[in-house]
Every structure is written in structure tokens, then in C-alpha cells.
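Before any comments, here is the structure.
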Amino acid sequence: MKRDLTMDDLVIAGIAVVAGLLAAFLLRMLLRWLGKHADRTRWSGDDVIVAALRTMVPAAAIAGGAAAAAAALPLTATVQHNVNQVLTVLLIFVATVATARVVAGLMRTVTQSRSGVAGSATIFVNITRVLVLAIGFLVVLQTLGISIAPMLTALGVGGLAVALALQDTLANLFAGIHILASKTVQPGDYIRLSSGEEGYVEDINWRQTTVRSLSNNLVVIPNGELAKTNMTNFMRPEQELTILVQVGVAYDSDLDHVERVTNEVIGEVMTEVEGALPDHEPIIRFHTFGDSRIGFTVILGVGEFSDQYRIKHEFIKRLHKRYRAEGIRIPAPARTVALQQGAVVIPQQRGVEDMDGVPSGHFD
């Protein structure tokens, strides 16, 4: 110490510390007030910024008060330098963590709010957070007087060995980035792979894509495999889609009457069943003179992929009930069996299956 410690020094240092704590308290209250106003706005990015500032600004005020207290005390140059370095490192650490939260939060907000950008995928958020923390770590080393040039050189040389040892991991990483950048798959999409797996995409991280099937099971697919396989995305280019239902009526049916009744049932289903499209125009197309019936296709509009099962269920039930009320006959499939002395000829099917896919078992 250059001089003796006096009571005035302690009073001034105490005032500096109390001032830093008081400033931290007032700033935190101010930021809490700003946070309440940020909750009322439509943009969620301001919530992320205010939440990060509530951590960084009070810490900066406390560090400033401690630095002022240290400057007021009669410390040696070495001790003063060490204290300043410790406070600077702590402040850089807090600022780095807060910045990582802000950048990651803003990226998550942008990806969730913009159409055509990967929604809740964690791969971009995690990469951004790691980069910010790495930069902050390098700044801390530079502040402590540690040269980072040899470290960067060693990382560059060692990166080659790491890349060779982690080929599969890096392949999955870059495959995930490519999938998200090309906008072919995003969280929330319903996909079906050529290998048979299908479901809603839950997340795409640095290594794998998680898909939740309709049976509520999770299917984990490496990003490299997903990038190489043939895939159908039922949410692109738009979420709404059409489904086909095959129906058949007897040859003696009045096709105009059949079309009118079917259109009425389609209208009821489209307006009353959840997930259907009320604005969907009924479409019926006769296409086949079958063995025992005239076949036609009904085209229904659904809001998204999983809605089709409920809509098909209701449509077939209501159409069957209405056909019975209107006297429209759906012929059962028939088989002809030819009997010969000492042998039975293999029967040939005449007709097609019913709408429910169950043969009647009737024989002529």
C-alpha cells in the first residue's frame, strides 16, 4: 500500500459499493417495468432483449461500484490491476452470456414468426449460441494477456484430425443445415419416407431429426439419412390437401340422382366435421364400368394430413346412411363357381369390393 488506510477511504469505498447496489436495484426495477410493457407488444423479440438486460445491466452496475470502491482504497498497482482484471472478466462473462441469450432468442423468434423458415429447430440456435460463447471466451483470454494466435493455429491443425474422426457427426450436422436452408422440411411438417416411417417433425438438431408418428411414438432419423432418402412432405407447398374416396353404385341407379345426393352429403361433411374445408367445391367423377357397379371418385378437401381419417370416417357413414334412405343400391361383390365332374374350377370374382373393403361372400 502506498499509504495507510483511513476511515475516509472506507467510507468512500462503502458509498461506492452501496451506490452500485442501489443502481443495480433501480435498474432492475426499471427493466421489470419495461418487461411488462414488452409483454403487451406483438413482437416477442423485445421480451428476449429485456430479459437479457435484466441480467447484464445490474451486474454491470455492481461491477462498476466495486471498481470505484477499489479505486478509492490505497491499493498497490499490482492489486489494483488484479482487481480490475477480475471485474473485467466477470463483466465480459455476464455480457457474453446475455448476448448469447439475446442472439439465440432473436433467432428463435424470427424462425418461428416467418413463413418458410425453420420454426423451432434447435440447430441454428445452438450453433449461434456456441459461436457467441466462443468469441466471449477468446475475448477473456485476450483480456488476461493470453495470446490466442497459437490456440487458433492449434485448433486449425487439430480440426483436420477431428474432422476425420467425426465424419458421420459432421455429415449429419451439414445435412441438417442443408435441410433447413433448402426449406424442404421444417418442424411441424408431416412427412413420409420411402422406408415407411411417417409422422410430424418435432425438431431438427445438429445430429438427428425427431419425428412423432400418429401412434405418439418418436422416430429418430439421422440427418444424413433423411437428406438421402425419398420423402413426401404433406405440408408443402401448402398444408391443405385433397383426398380421394372410391365409391360404386349399381347399374340401375340414376346417376344424376346419385351425383346430387352425394354432393349434399359432401356439403354436410365439409361444413360440420372438424378439419374439413367448408369452401371446398364438391367434386365427383364417374370413371369405371365395373363388373357389377359403376365406379366413381369423390374428392374431399381437408385442412391437414391427420384430418383425413376423421373426415373419411364421417363421409362413409353418412353416405351409406343416405344411400339407404334414397334407395341407392351399392351392389355386393359376386363370384361365379363352375362345377365339373371330379373337379372344381377356381372361382372368378365378378364385381368389386364395397366402400368398406369387406366382401359380402355371396355366390351365384
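By convention in this document, the chains of the C-alpha cells carry letters A, B, ... by their order, each chain's residues are numbered from 1, and ligands are numbered from 1 in the order they are shown.
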
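Using only C-alpha atoms, the residues found no farther than 10 Å from Ser253 of chain A, other than those of its own chain fewer than 2 positions away, are Val249, Ala250, Tyr251, Leu255, Asp256, His257, Val258, Arg293, Ile294, Gly327, Ile328, Arg329 and Ile330 of chain A.
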
What does the file look like for those residues with all heavy atoms, as a tab-separated table (two decimals), in the first residue's frame?
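Writing the result to again_18.tsv gives the following:
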```
chain	number	residue	atom	x	y	z
A	249	VAL	N	-71.89	-47.68	-57.43
A	249	VAL	CA	-73.35	-47.89	-57.32
A	249	VAL	C	-73.78	-48.87	-58.40
A	249	VAL	O	-73.05	-49.13	-59.37
A	249	VAL	CB	-74.10	-46.55	-57.48
A	249	VAL	CG1	-73.79	-45.62	-56.32
A	249	VAL	CG2	-73.78	-45.89	-58.82
A	250	ALA	N	-74.98	-49.40	-58.24
A	250	ALA	CA	-75.49	-50.41	-59.17
A	250	ALA	C	-75.77	-49.79	-60.54
A	250	ALA	O	-75.97	-48.58	-60.68
A	250	ALA	CB	-76.76	-51.04	-58.60
A	251	TYR	N	-75.84	-50.67	-61.56
A	251	TYR	CA	-76.07	-50.21	-62.93
A	251	TYR	C	-77.46	-49.61	-63.12
A	251	TYR	O	-77.66	-48.78	-64.00
A	251	TYR	CB	-75.85	-51.35	-63.92
A	251	TYR	CG	-74.40	-51.51	-64.33
A	251	TYR	CD1	-73.56	-52.38	-63.63
A	251	TYR	CD2	-73.88	-50.79	-65.40
A	251	TYR	CE1	-72.24	-52.52	-64.00
A	251	TYR	CE2	-72.56	-50.94	-65.76
A	251	TYR	CZ	-71.73	-51.81	-65.06
A	251	TYR	OH	-70.42	-51.94	-65.42
A	255	LEU	N	-77.81	-41.92	-62.26
A	255	LEU	CA	-76.54	-41.29	-61.92
A	255	LEU	C	-76.68	-39.82	-61.56
A	255	LEU	O	-75.92	-39.30	-60.73
A	255	LEU	CB	-75.54	-41.46	-63.08
A	255	LEU	CG	-75.16	-42.91	-63.43
A	255	LEU	CD1	-74.06	-42.93	-64.48
A	255	LEU	CD2	-74.73	-43.68	-62.19
A	256	ASP	N	-77.65	-39.12	-62.18
A	256	ASP	CA	-77.89	-37.72	-61.79
A	256	ASP	C	-78.36	-37.64	-60.34
A	256	ASP	O	-77.93	-36.76	-59.57
A	256	ASP	CB	-78.93	-37.08	-62.71
A	256	ASP	CG	-78.40	-36.89	-64.13
A	256	ASP	OD1	-77.16	-36.73	-64.26
A	256	ASP	OD2	-79.20	-36.90	-65.08
A	257	HIS	N	-79.23	-38.56	-59.97
A	257	HIS	CA	-79.70	-38.61	-58.59
A	257	HIS	C	-78.55	-38.97	-57.63
A	257	HIS	O	-78.41	-38.39	-56.54
A	257	HIS	CB	-80.84	-39.62	-58.47
A	257	HIS	CG	-81.40	-39.74	-57.09
A	257	HIS	ND1	-81.92	-38.68	-56.39
A	257	HIS	CD2	-81.52	-40.83	-56.27
A	257	HIS	CE1	-82.34	-39.07	-55.21
A	257	HIS	NE2	-82.11	-40.38	-55.10
A	258	VAL	N	-77.73	-39.93	-58.03
A	258	VAL	CA	-76.57	-40.31	-57.22
A	258	VAL	C	-75.64	-39.12	-57.03
A	258	VAL	O	-75.17	-38.85	-55.91
A	258	VAL	CB	-75.82	-41.48	-57.88
A	258	VAL	CG1	-74.49	-41.74	-57.18
A	258	VAL	CG2	-76.67	-42.74	-57.86
A	293	ARG	N	-70.78	-52.83	-60.93
A	293	ARG	CA	-71.14	-51.48	-60.50
A	293	ARG	C	-70.48	-50.43	-61.37
A	293	ARG	O	-69.53	-50.72	-62.11
A	293	ARG	CB	-70.70	-51.27	-59.05
A	293	ARG	CG	-69.18	-51.27	-58.88
A	293	ARG	CD	-68.79	-51.12	-57.43
A	293	ARG	NE	-69.23	-52.26	-56.66
A	293	ARG	CZ	-69.21	-52.30	-55.34
A	293	ARG	NH1	-68.77	-51.28	-54.66
A	293	ARG	NH2	-69.62	-53.38	-54.69
A	294	ILE	N	-70.98	-49.22	-61.25
A	294	ILE	CA	-70.36	-48.06	-61.89
A	294	ILE	C	-69.55	-47.34	-60.82
A	294	ILE	O	-70.09	-46.92	-59.78
A	294	ILE	CB	-71.43	-47.12	-62.48
A	294	ILE	CG1	-72.20	-47.82	-63.59
A	294	ILE	CG2	-70.77	-45.84	-63.01
A	294	ILE	CD1	-73.30	-46.98	-64.18
A	327	GLY	N	-82.67	-45.16	-51.46
A	327	GLY	CA	-82.86	-46.34	-52.28
A	327	GLY	C	-81.77	-46.56	-53.30
A	327	GLY	O	-81.97	-47.28	-54.29
A	328	ILE	N	-80.63	-45.96	-53.09
A	328	ILE	CA	-79.49	-46.16	-53.99
A	328	ILE	C	-78.74	-47.40	-53.53
A	328	ILE	O	-78.31	-47.49	-52.37
A	328	ILE	CB	-78.57	-44.93	-53.99
A	328	ILE	CG1	-79.34	-43.69	-54.47
A	328	ILE	CG2	-77.34	-45.16	-54.86
A	328	ILE	CD1	-78.56	-42.40	-54.37
A	329	ARG	N	-78.57	-48.34	-54.42
A	329	ARG	CA	-78.01	-49.63	-54.06
A	329	ARG	C	-76.52	-49.68	-54.35
A	329	ARG	O	-76.06	-49.27	-55.42
A	329	ARG	CB	-78.73	-50.74	-54.82
A	329	ARG	CG	-78.38	-52.15	-54.36
A	329	ARG	CD	-79.38	-53.16	-54.92
A	329	ARG	NE	-79.38	-53.13	-56.37
A	329	ARG	CZ	-78.57	-53.91	-57.12
A	329	ARG	NH1	-77.73	-54.75	-56.53
A	329	ARG	NH2	-78.63	-53.84	-58.44
A	330	ILE	N	-75.77	-50.15	-53.36
A	330	ILE	CA	-74.35	-50.43	-53.55
A	330	ILE	C	-74.22	-51.94	-53.68
A	330	ILE	O	-74.37	-52.67	-52.70
A	330	ILE	CB	-73.52	-49.94	-52.36
A	330	ILE	CG1	-73.73	-48.43	-52.14
A	330	ILE	CG2	-72.03	-50.24	-52.56
A	330	ILE	CD1	-73.03	-47.89	-50.92
```

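The neighbours of segment 297-304 of chain A here are the residues that come within 6 Å of it, using only C-alpha atoms and leaving out any residue fewer than 3 positions away in the same chain; they are Gln239, Glu240, Leu241, Thr242, Ile243, Leu244, Val245, Gln246, Gly275, Ala276, Leu277, His280, Ile283, Ile284, Arg285 and Asp307 of chain A.
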
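Rounded to one decimal, atom CA of Ala134 of chain A and atom CA of Asn82 of chain A lie 23.5 Å from each other.
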
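All residues of protein, DNA or RNA that reach within 9 Å of Thr88 of chain A, judged by only C-alpha atoms and not counting those fewer than 4 positions away in the chain, are A:Ala63, A:Val83, A:Asn84, A:Ile92, A:Phe93, A:Val140, A:Thr143.
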
Store the residues picked out above, limited to C-alpha atoms, as a short mmCIF file (atom, residue, chain, number, x, y, z; two decimals), in the first residue's frame.
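Output file result28.cif is given in full below:
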```cif
data_model
loop_
_atom_site.label_atom_id
_atom_site.label_comp_id
_atom_site.auth_asym_id
_atom_site.auth_seq_id
_atom_site.Cartn_x
_atom_site.Cartn_y
_atom_site.Cartn_z
CA ALA A 63 -19.09 -4.27 -11.03
CA VAL A 83 -8.95 -6.44 -9.09
CA ASN A 84 -9.71 -4.60 -12.31
CA ILE A 92 -17.27 -9.89 -20.06
CA PHE A 93 -18.65 -13.25 -18.91
CA VAL A 140 -11.50 -13.11 -21.92
CA THR A 143 -8.04 -9.50 -21.68
#
```

Open item on the list: Ranking A:Val247, A:Val103, A:Val185, A:Val265 by minimum distance to Phe234 of chain A and counting only C-alpha atoms, which one comes first?
Closed with: A:Val185
